[in-house]
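**Q** Pasting model_25.cif here (mmCIF, C-alpha atoms):
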data_final
loop_
_atom_site.group_PDB
_atom_site.id
_atom_site.type_symbol
_atom_site.label_atom_id
_atom_site.label_comp_id
_atom_site.auth_asym_id
_atom_site.auth_seq_id
_atom_site.Cartn_x
_atom_site.Cartn_y
_atom_site.Cartn_z
ATOM 1 C CA GLU S 1 112.114 138.242 72.052
ATOM 2 C CA PRO S 2 110.224 140.023 74.842
ATOM 3 C CA GLU S 3 110.413 138.377 78.224
ATOM 4 C CA VAL S 4 109.356 138.786 81.820
ATOM 5 C CA THR S 5 112.263 139.710 84.063
ATOM 6 C CA GLN S 6 112.453 139.307 87.813
ATOM 7 C CA THR S 7 114.849 140.746 90.355
ATOM 8 C CA PRO S 8 116.602 139.674 92.438
ATOM 9 C CA SER S 9 117.227 136.076 91.422
ATOM 10 C CA HIS S 10 117.860 135.131 95.051
ATOM 11 C CA GLN S 11 116.854 136.978 98.207
ATOM 12 C CA VAL S 12 117.738 135.981 101.737
ATOM 13 C CA THR S 13 115.837 137.704 104.514
ATOM 14 C CA GLN S 14 115.372 137.359 108.222
ATOM 15 C CA MET S 15 112.074 136.198 109.618
ATOM 16 C CA GLY S 16 109.816 139.135 110.353
ATOM 17 C CA GLN S 17 111.415 141.404 107.771
ATOM 18 C CA GLU S 18 109.593 142.924 104.838
ATOM 19 C CA VAL S 19 110.618 141.860 101.366
ATOM 20 C CA ILE S 20 109.720 143.215 97.935
ATOM 21 C CA LEU S 21 110.055 141.062 94.848
ATOM 22 C CA ARG S 22 110.193 142.897 91.554
ATOM 23 C CA CYS S 23 109.014 141.986 88.099
ATOM 24 C CA VAL S 24 108.951 143.725 84.747
ATOM 25 C CA PRO S 25 106.167 142.158 82.656
ATOM 26 C CA ILE S 26 106.111 142.179 78.874
ATOM 27 C CA SER S 27 105.270 145.725 77.828
ATOM 28 C CA ASN S 28 101.984 145.248 75.960
ATOM 29 C CA HIS S 29 100.564 142.733 78.434
ATOM 30 C CA LEU S 30 97.583 143.673 80.555
ATOM 31 C CA TYR S 31 97.322 140.796 83.036
ATOM 32 C CA PHE S 32 99.905 140.108 85.718
ATOM 33 C CA TYR S 33 100.323 137.219 88.113
ATOM 34 C CA TRP S 34 102.355 135.910 90.976
ATOM 35 C CA TYR S 35 102.842 132.207 91.628
ATOM 36 C CA ARG S 36 105.018 130.416 94.113
ATOM 37 C CA GLN S 37 106.659 127.023 94.251
ATOM 38 C CA ILE S 38 107.796 125.646 97.576
ATOM 39 C CA LEU S 39 110.763 123.323 97.055
ATOM 40 C CA GLY S 40 109.596 119.950 95.788
ATOM 41 C CA GLN S 41 105.953 120.978 95.595
ATOM 42 C CA LYS S 42 103.615 122.180 92.884
ATOM 43 C CA VAL S 43 103.407 125.682 91.502
ATOM 44 C CA GLU S 44 100.616 127.561 93.295
ATOM 45 C CA PHE S 45 98.656 130.607 92.205
ATOM 46 C CA LEU S 46 98.874 133.615 94.491
ATOM 47 C CA VAL S 47 97.224 136.553 92.757
ATOM 48 C CA SER S 48 96.207 138.057 89.443
ATOM 49 C CA PHE S 49 96.146 141.765 88.692
ATOM 50 C CA TYR S 50 94.355 143.643 85.929
ATOM 51 C CA ASN S 51 93.445 147.258 85.368
ATOM 52 C CA ASN S 52 95.329 148.319 88.495
ATOM 53 C CA GLU S 53 93.495 146.058 90.857
ATOM 54 C CA ILE S 54 93.517 142.504 92.091
ATOM 55 C CA SER S 55 91.181 140.386 89.952
ATOM 56 C CA GLU S 56 91.630 137.125 91.826
ATOM 57 C CA LYS S 57 93.625 135.829 94.779
ATOM 58 C CA SER S 58 94.149 132.526 96.518
ATOM 59 C CA GLU S 59 93.788 131.694 100.195
ATOM 60 C CA ILE S 60 97.565 131.862 100.446
ATOM 61 C CA PHE S 61 97.457 135.575 99.582
ATOM 62 C CA ASP S 62 96.548 136.867 103.031
ATOM 63 C CA ASP S 63 97.021 140.299 104.599
ATOM 64 C CA GLN S 64 100.775 139.807 104.721
ATOM 65 C CA PHE S 65 100.917 139.985 100.932
ATOM 66 C CA SER S 66 100.301 142.926 98.650
ATOM 67 C CA VAL S 67 100.897 143.732 95.000
ATOM 68 C CA GLU S 68 101.455 146.997 93.260
ATOM 69 C CA ARG S 69 102.184 148.401 89.851
ATOM 70 C CA PRO S 70 103.867 151.595 90.989
ATOM 71 C CA ASP S 71 105.070 153.091 87.718
ATOM 72 C CA GLY S 72 103.332 151.364 84.822
ATOM 73 C CA SER S 73 106.205 148.997 84.130
ATOM 74 C CA ASN S 74 107.165 147.272 87.382
ATOM 75 C CA PHE S 75 104.913 144.812 89.168
ATOM 76 C CA THR S 76 105.864 144.082 92.751
ATOM 77 C CA LEU S 77 104.962 141.546 95.399
ATOM 78 C CA LYS S 78 105.462 142.659 98.976
ATOM 79 C CA ILE S 79 105.513 140.328 101.944
ATOM 80 C CA ARG S 80 105.138 142.453 105.051
ATOM 81 C CA SER S 81 106.509 140.199 107.772
ATOM 82 C CA THR S 82 108.133 137.120 106.352
ATOM 83 C CA LYS S 83 107.748 133.695 107.912
ATOM 84 C CA LEU S 84 109.925 130.632 107.476
ATOM 85 C CA GLU S 85 107.191 129.005 105.404
ATOM 86 C CA ASP S 86 107.345 131.847 102.882
ATOM 87 C CA SER S 87 110.609 130.358 101.610
ATOM 88 C CA ALA S 88 109.902 129.413 98.020
ATOM 89 C CA MET S 89 110.528 130.267 94.396
ATOM 90 C CA TYR S 90 108.277 133.138 93.368
ATOM 91 C CA PHE S 91 107.330 133.436 89.727
ATOM 92 C CA CYS S 92 105.895 136.476 88.048
ATOM 93 C CA ALA S 93 103.911 136.054 84.837
ATOM 94 C CA SER S 94 102.041 138.229 82.391
ATOM 95 C CA SER S 95 99.602 137.719 79.531
ATOM 96 C CA GLU S 96 97.966 139.810 76.839
ATOM 97 C CA ALA S 97 94.485 138.755 77.906
ATOM 98 C CA GLY S 98 92.773 136.314 80.213
ATOM 99 C CA GLY S 99 92.907 132.707 79.076
ATOM 100 C CA THR S 100 95.858 133.274 76.794
ATOM 101 C CA GLU S 101 99.456 132.199 77.171
ATOM 102 C CA ALA S 102 101.054 133.349 80.387
ATOM 103 C CA PHE S 103 104.738 134.185 80.023
ATOM 104 C CA PHE S 104 106.746 133.435 83.130
ATOM 105 C CA GLY S 105 109.836 135.060 84.540
ATOM 106 C CA GLN S 106 112.835 133.072 85.696
ATOM 107 C CA GLY S 107 111.757 133.320 89.331
ATOM 108 C CA THR S 108 113.096 134.757 92.574
ATOM 109 C CA ARG S 109 114.228 132.294 95.177
ATOM 110 C CA LEU S 110 113.245 133.663 98.579
ATOM 111 C CA THR S 111 114.947 132.172 101.604
ATOM 112 C CA VAL S 112 113.670 133.207 105.024
ATOM 113 C CA VAL S 113 116.069 132.450 107.869
ATOM 114 C CA ALA G 1 87.470 122.700 93.182
ATOM 115 C CA GLN G 2 89.638 121.792 90.258
ATOM 116 C CA THR G 3 92.604 119.478 90.689
ATOM 117 C CA VAL G 4 95.345 118.346 88.331
ATOM 118 C CA THR G 5 97.188 115.058 88.806
ATOM 119 C CA GLN G 6 100.441 113.979 87.240
ATOM 120 C CA SER G 7 101.081 110.434 88.350
ATOM 121 C CA GLN G 8 104.611 110.105 86.962
ATOM 122 C CA PRO G 9 107.142 111.982 89.105
ATOM 123 C CA GLU G 10 109.999 110.973 86.785
ATOM 124 C CA MET G 11 110.341 109.636 83.277
ATOM 125 C CA SER G 12 113.286 108.937 81.045
ATOM 126 C CA VAL G 13 113.612 108.397 77.333
ATOM 127 C CA GLN G 14 116.384 107.857 74.870
ATOM 128 C CA GLU G 15 117.143 110.512 72.309
ATOM 129 C CA ALA G 16 115.014 110.201 69.145
ATOM 130 C CA GLU G 17 112.449 108.031 70.903
ATOM 131 C CA THR G 18 108.872 108.953 71.810
ATOM 132 C CA VAL G 19 107.617 109.520 75.336
ATOM 133 C CA THR G 20 104.170 110.212 76.738
ATOM 134 C CA LEU G 21 103.546 112.161 79.927
ATOM 135 C CA SER G 22 100.183 111.655 81.584
ATOM 136 C CA CYS G 23 97.877 114.175 83.198
ATOM 137 C CA THR G 24 94.378 113.854 84.565
ATOM 138 C CA TYR G 25 92.205 116.567 86.012
ATOM 139 C CA ASP G 26 88.972 116.945 87.851
ATOM 140 C CA THR G 27 86.416 119.644 87.109
ATOM 141 C CA SER G 28 82.706 120.161 86.789
ATOM 142 C CA GLU G 29 83.235 122.837 84.137
ATOM 143 C CA ASN G 30 82.382 122.149 80.520
ATOM 144 C CA ASN G 31 84.637 124.749 78.940
ATOM 145 C CA TYR G 32 88.195 125.384 80.043
ATOM 146 C CA TYR G 33 91.787 125.481 78.874
ATOM 147 C CA LEU G 34 94.557 122.962 79.399
ATOM 148 C CA PHE G 35 98.261 123.630 79.113
ATOM 149 C CA TRP G 36 101.595 121.896 79.227
ATOM 150 C CA TYR G 37 104.484 123.989 80.523
ATOM 151 C CA LYS G 38 108.162 123.054 80.406
ATOM 152 C CA GLN G 39 110.571 124.169 83.119
ATOM 153 C CA PRO G 40 114.192 123.491 82.125
ATOM 154 C CA PRO G 41 117.008 123.727 84.663
ATOM 155 C CA SER G 42 117.241 127.473 83.931
ATOM 156 C CA ARG G 43 113.903 127.653 85.836
ATOM 157 C CA GLN G 44 111.838 129.773 83.466
ATOM 158 C CA MET G 45 108.553 128.088 82.587
ATOM 159 C CA ILE G 46 107.751 127.989 78.903
ATOM 160 C CA LEU G 47 104.419 127.136 77.326
ATOM 161 C CA VAL G 48 104.652 123.973 75.248
ATOM 162 C CA ILE G 49 101.098 123.502 74.080
ATOM 163 C CA ARG G 50 97.565 124.711 74.773
ATOM 164 C CA GLN G 51 94.180 123.039 74.277
ATOM 165 C CA GLU G 52 90.696 124.531 74.432
ATOM 166 C CA ALA G 53 88.226 122.041 75.854
ATOM 167 C CA TYR G 54 85.547 122.910 73.293
ATOM 168 C CA LYS G 55 87.847 121.819 70.472
ATOM 169 C CA GLN G 56 87.755 118.116 69.742
ATOM 170 C CA GLN G 57 90.897 118.211 67.638
ATOM 171 C CA ASN G 58 94.062 117.490 69.571
ATOM 172 C CA ALA G 59 96.573 120.340 69.621
ATOM 173 C CA THR G 60 99.929 119.831 67.937
ATOM 174 C CA GLU G 61 103.104 121.907 68.009
ATOM 175 C CA ASN G 62 105.894 120.385 65.939
ATOM 176 C CA ARG G 63 107.179 117.365 67.923
ATOM 177 C CA PHE G 64 104.680 117.929 70.739
ATOM 178 C CA SER G 65 101.117 116.704 70.610
ATOM 179 C CA VAL G 66 98.390 115.987 73.095
ATOM 180 C CA ASN G 67 95.822 113.275 73.505
ATOM 181 C CA PHE G 68 92.821 115.098 74.955
ATOM 182 C CA GLN G 69 90.099 112.797 76.226
ATOM 183 C CA LYS G 70 87.423 115.099 77.631
ATOM 184 C CA ALA G 71 85.112 112.409 78.969
ATOM 185 C CA ALA G 72 87.992 110.714 80.753
ATOM 186 C CA LYS G 73 89.422 114.093 81.839
ATOM 187 C CA SER G 74 92.789 113.101 80.523
ATOM 188 C CA PHE G 75 95.348 115.305 78.794
ATOM 189 C CA SER G 76 98.584 113.505 77.966
ATOM 190 C CA LEU G 77 101.588 115.012 76.210
ATOM 191 C CA LYS G 78 103.468 113.083 73.563
ATOM 192 C CA ILE G 79 106.990 114.132 72.657
ATOM 193 C CA SER G 80 108.221 112.600 69.423
ATOM 194 C CA ASP G 81 111.853 112.379 68.355
ATOM 195 C CA SER G 82 113.016 113.390 71.837
ATOM 196 C CA GLN G 83 115.992 115.706 72.024
ATOM 197 C CA LEU G 84 118.469 116.352 74.807
ATOM 198 C CA GLY G 85 117.042 119.847 75.137
ATOM 199 C CA ASP G 86 113.692 118.362 76.116
ATOM 200 C CA THR G 87 115.157 117.461 79.501
ATOM 201 C CA ALA G 88 113.061 119.455 81.986
ATOM 202 C CA MET G 89 110.182 119.410 84.422
ATOM 203 C CA TYR G 90 106.857 119.295 82.649
ATOM 204 C CA PHE G 91 103.776 120.734 84.297
ATOM 205 C CA CYS G 92 100.215 120.140 83.249
ATOM 206 C CA ALA G 93 97.882 123.030 84.068
ATOM 207 C CA PHE G 94 94.168 123.805 84.009
ATOM 208 C CA MET G 95 92.403 127.129 83.641
ATOM 209 C CA LYS G 96 88.682 127.769 83.954
ATOM 210 C CA LEU G 97 87.073 130.140 81.478
ATOM 211 C CA ASN G 98 86.683 133.714 82.752
ATOM 212 C CA THR G 99 89.469 133.313 85.244
ATOM 213 C CA ASP G 100 93.197 133.875 85.006
ATOM 214 C CA LYS G 101 94.295 131.303 87.523
ATOM 215 C CA LEU G 102 96.405 128.370 86.366
ATOM 216 C CA ILE G 103 96.096 125.239 88.480
ATOM 217 C CA PHE G 104 99.207 123.129 88.153
ATOM 218 C CA GLY G 105 99.957 119.481 88.655
ATOM 219 C CA THR G 106 102.985 118.378 90.638
ATOM 220 C CA GLY G 107 105.099 117.940 87.536
ATOM 221 C CA THR G 108 106.982 115.174 85.773
ATOM 222 C CA ARG G 109 110.746 115.309 85.558
ATOM 223 C CA LEU G 110 111.801 114.118 82.103
ATOM 224 C CA GLN G 111 115.357 113.058 81.408
ATOM 225 C CA VAL G 112 116.424 112.500 77.809
ATOM 226 C CA PHE G 113 119.477 110.254 77.476
ATOM 227 C CA PRO G 114 121.858 110.223 74.500
#
Please express what this file holds, its structure, as structure tokens.

**A**
Amino acid sequence: EPEVTQTPSHQVTQMGQEVILRCVPISNHLYFYWYRQILGQKVEFLVSFYNNEISEKSEIFDDQFSVERPDGSNFTLKIRSTKLEDSAMYFCASSEAGGTEAFFGQGTRLTVV
Amino acid sequence: AQTVTQSQPEMSVQEAETVTLSCTYDTSENNYYLFWYKQPPSRQMILVIRQEAYKQQNATENRFSVNFQKAAKSFSLKISDSQLGDTAMYFCAFMKLNTDKLIFGTGTRLQVFP
């Protein structure tokens, strides 16, 4: 069964460093998303991406964040200068179309020290 | 702004019994989607069930069914014949039409006991 895969499963980085989280969405999906879940809190929307551009983003997704689909298969989230409060589980998701089922990856746990 | 509230942080149920997880939401929209997602200890979130607000009929997927009360803005999940594999976090989520953003509740941790 097709699935969304994320790498790495756990990333530890020093405050101020850049980090790139990688995702491979399901191949025929057209919509891509990043969500995050700070430990013990709710899952929060960060950004959606369609047709090679951001279609929607939350207030969390500031200038420190960027997304890219560099090669038609990977979908990446870059955090330019990490802060302690960026520590969270980051989930990638994809869907065939808007409003349909979003398939989630297993998440990347980011720890900023 | 839309909000989703899950008032039960934890629930437990015995195997083979029925359990209901509650969810309420707040929106001024008339048409939208509602979802229940399951997040087992392996962490990957899996869609359990989906409801379109314009449909009056409650969605059902095997042992999972919802009680959708649009006027009350309530969307509870009923799990019948609970199984040990149902142990997980359950998230209720809302999506406006013409947007791709899921708004999640804080989740309910369900433990199924043998």

**Q** Find the residues of chain G that sit at most 10 Å from chain S; for each, write down the nearest two atoms and how far apart they are in Å, to one decimal. Count only C-alpha atoms. Sort by chain, then by number going up, and give it as JSON lines.

**A**
{"residue": "G:Tyr32", "atom": "CA", "partner": "S:Gly99", "partner_atom": "CA", "distance": 8.8}
{"residue": "G:Tyr33", "atom": "CA", "partner": "S:Gly99", "partner_atom": "CA", "distance": 7.3}
{"residue": "G:Leu34", "atom": "CA", "partner": "S:Gly99", "partner_atom": "CA", "distance": 9.9}
{"residue": "G:Phe35", "atom": "CA", "partner": "S:Glu101", "partner_atom": "CA", "distance": 8.9}
{"residue": "G:Tyr37", "atom": "CA", "partner": "S:Ala102", "partner_atom": "CA", "distance": 10.0}
{"residue": "G:Gln39", "atom": "CA", "partner": "S:Gln106", "partner_atom": "CA", "distance": 9.5}
{"residue": "G:Ser42", "atom": "CA", "partner": "S:Gln106", "partner_atom": "CA", "distance": 7.3}
{"residue": "G:Arg43", "atom": "CA", "partner": "S:Gln106", "partner_atom": "CA", "distance": 5.5}
{"residue": "G:Gln44", "atom": "CA", "partner": "S:Gln106", "partner_atom": "CA", "distance": 4.1}
{"residue": "G:Met45", "atom": "CA", "partner": "S:Phe104", "partner_atom": "CA", "distance": 5.7}
{"residue": "G:Ile46", "atom": "CA", "partner": "S:Phe104", "partner_atom": "CA", "distance": 7.0}
{"residue": "G:Leu47", "atom": "CA", "partner": "S:Glu101", "partner_atom": "CA", "distance": 7.1}
{"residue": "G:Val48", "atom": "CA", "partner": "S:Glu101", "partner_atom": "CA", "distance": 9.9}
{"residue": "G:Ile49", "atom": "CA", "partner": "S:Glu101", "partner_atom": "CA", "distance": 9.4}
{"residue": "G:Arg50", "atom": "CA", "partner": "S:Glu101", "partner_atom": "CA", "distance": 8.1}
{"residue": "G:Glu52", "atom": "CA", "partner": "S:Gly99", "partner_atom": "CA", "distance": 9.7}
{"residue": "G:Phe91", "atom": "CA", "partner": "S:Lys42", "partner_atom": "CA", "distance": 8.7}
{"residue": "G:Ala93", "atom": "CA", "partner": "S:Val43", "partner_atom": "CA", "distance": 9.6}
{"residue": "G:Met95", "atom": "CA", "partner": "S:Gly99", "partner_atom": "CA", "distance": 7.2}
{"residue": "G:Lys96", "atom": "CA", "partner": "S:Gly99", "partner_atom": "CA", "distance": 8.1}
{"residue": "G:Leu97", "atom": "CA", "partner": "S:Gly99", "partner_atom": "CA", "distance": 6.8}
{"residue": "G:Asn98", "atom": "CA", "partner": "S:Gly98", "partner_atom": "CA", "distance": 7.1}
{"residue": "G:Thr99", "atom": "CA", "partner": "S:Gly98", "partner_atom": "CA", "distance": 6.7}
{"residue": "G:Asp100", "atom": "CA", "partner": "S:Gly98", "partner_atom": "CA", "distance": 5.4}
{"residue": "G:Lys101", "atom": "CA", "partner": "S:Phe45", "partner_atom": "CA", "distance": 6.4}
{"residue": "G:Leu102", "atom": "CA", "partner": "S:Phe45", "partner_atom": "CA", "distance": 6.6}
{"residue": "G:Ile103", "atom": "CA", "partner": "S:Glu44", "partner_atom": "CA", "distance": 7.0}
{"residue": "G:Phe104", "atom": "CA", "partner": "S:Val43", "partner_atom": "CA", "distance": 5.9}
{"residue": "G:Gly105", "atom": "CA", "partner": "S:Lys42", "partner_atom": "CA", "distance": 6.2}
{"residue": "G:Thr106", "atom": "CA", "partner": "S:Lys42", "partner_atom": "CA", "distance": 4.5}
{"residue": "G:Gly107", "atom": "CA", "partner": "S:Lys42", "partner_atom": "CA", "distance": 7.0}

**Q** Using atom CA of G:Phe113 and atom CA of G:Glu15 as the two end points, give the distance in Å to one decimal.

**A**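 Straight-line distance from atom CA of G:Phe113 to atom CA of G:Glu15 works out to 5.7 Å.
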
**Q** If you apply the PyMOL selection byres ((chain G and resi 55) around 12) to this file, what residues do you get, as a list of chain:residue names?

**A** G:Asn30, G:Asn31, G:Tyr32, G:Tyr33, G:Leu34, G:Arg50, G:Gln51, G:Glu52, G:Ala53, G:Tyr54, G:Gln56, G:Gln57, G:Asn58, G:Ala59, G:Phe68, G:Gln69, G:Lys70

**Q** Given the point (106.0, 146.2, 83.1) in the file's coordinates, find the residues that have an atom at most 8 Å from it, counting only C-alpha atoms, and give them as a list in words.

**A** Cys23, Val24, Pro25, Ile26, Ser27, His29, Gly72, Ser73, Asn74 and Phe75 of chain S

**Q** Could you turn the residues from that selection into a file that holds C-alpha atoms, as a PDB file, keeping the file's coordinate frame?

**A**
ATOM      1  CA  CYS S  23     109.014 141.986  88.099  1.00  0.00           C
ATOM      2  CA  VAL S  24     108.951 143.725  84.747  1.00  0.00           C
ATOM      3  CA  PRO S  25     106.167 142.158  82.656  1.00  0.00           C
ATOM      4  CA  ILE S  26     106.111 142.179  78.874  1.00  0.00           C
ATOM      5  CA  SER S  27     105.270 145.725  77.828  1.00  0.00           C
ATOM      6  CA  HIS S  29     100.564 142.733  78.434  1.00  0.00           C
ATOM      7  CA  GLY S  72     103.332 151.364  84.822  1.00  0.00           C
ATOM      8  CA  SER S  73     106.205 148.997  84.130  1.00  0.00           C
ATOM      9  CA  ASN S  74     107.165 147.272  87.382  1.00  0.00           C
ATOM     10  CA  PHE S  75     104.913 144.812  89.168  1.00  0.00           C
TER      11      PHE S  75
END

**Q** What box, with edges along x, y and z, holds each listed atom of stretch 46-50 of chain G when 5 Å is added on every side, and can you state its centre and edge lengths in Å to one decimal, as JSON?

**A**
{"center_x": 102.7, "center_y": 125.7, "center_z": 76.5, "size_x": 20.2, "size_y": 14.5, "size_z": 14.8}

**Q** Quick one: distance from atom CA of G:Tyr90 to atom CA of G:Leu110 in Å, one decimal?

**A**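 It comes out at 7.2 Å.
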
**Q** Could you list, as a list in words, every residue matched by the PyMOL selection byres ((chain S and resi 8-16) around 9) in this structure?

**A**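 Selection result, ordered by chain and number: Gln6, Thr7, Gln17, Glu18, Val19, Leu21, Arg22, Arg80, Ser81, Thr82, Lys83, Leu84, Met89, Gln106, Gly107, Thr108, Arg109, Leu110, Thr111, Val112 and Val113 of chain S.
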
**Q** If we count only C-alpha atoms and set the cut-off at 6 Å, which residues sit around stretch 8-13 of chain G, ignoring sequence neighbours fewer than 2 positions away in its own chain? Please answer as a PyMOL selection string.

**A** chain G and resi 6+108-112

**Q** Any chance you can output those residues with C-alpha atoms as a PDB file, in the frame of the given file?

**A**
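Listing of again.pdb after writing:
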ATOM      1  CA  GLN G   6     100.441 113.979  87.240  1.00  0.00           C
ATOM      2  CA  THR G 108     106.982 115.174  85.773  1.00  0.00           C
ATOM      3  CA  ARG G 109     110.746 115.309  85.558  1.00  0.00           C
ATOM      4  CA  LEU G 110     111.801 114.118  82.103  1.00  0.00           C
ATOM      5  CA  GLN G 111     115.357 113.058  81.408  1.00  0.00           C
ATOM      6  CA  VAL G 112     116.424 112.500  77.809  1.00  0.00           C
TER       7      VAL G 112
END

**Q** When you draw a straight line from atom CA of G:Lys78 to atom CA of G:Thr18, how long is it in Å?

**A**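 Computing the Euclidean distance for atom CA of G:Lys78 and atom CA of G:Thr18 yields 7.0 Å.
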
**Q** Take the PyMOL selection byres ((chain S and resi 77) around 7), apply it to the structure above, and return the hits as a list in words.

**A**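 The output of the PyMOL selection byres ((chain S and resi 77) around 7) on this file is Ile20, Leu21, Arg22, Ser66, Val67, Glu68, Thr76, Lys78 and Ile79 of chain S.
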
**Q** Would you kindly identify which residues have an atom no farther than 7 Å from (87.2, 117.2, 88.2), using only C-alpha atoms and the file's own coordinates, and write them out as an NGL selection string?

**A** :G and (2-3 or 25-28)

**Q** I want to know what sits within 8 Å of G:Ser22, based on only C-alpha atoms, with residues of the same chain fewer than 5 positions away left out; could you give that as a ChimeraX atom specification?

**A** /G:6-8,74-77
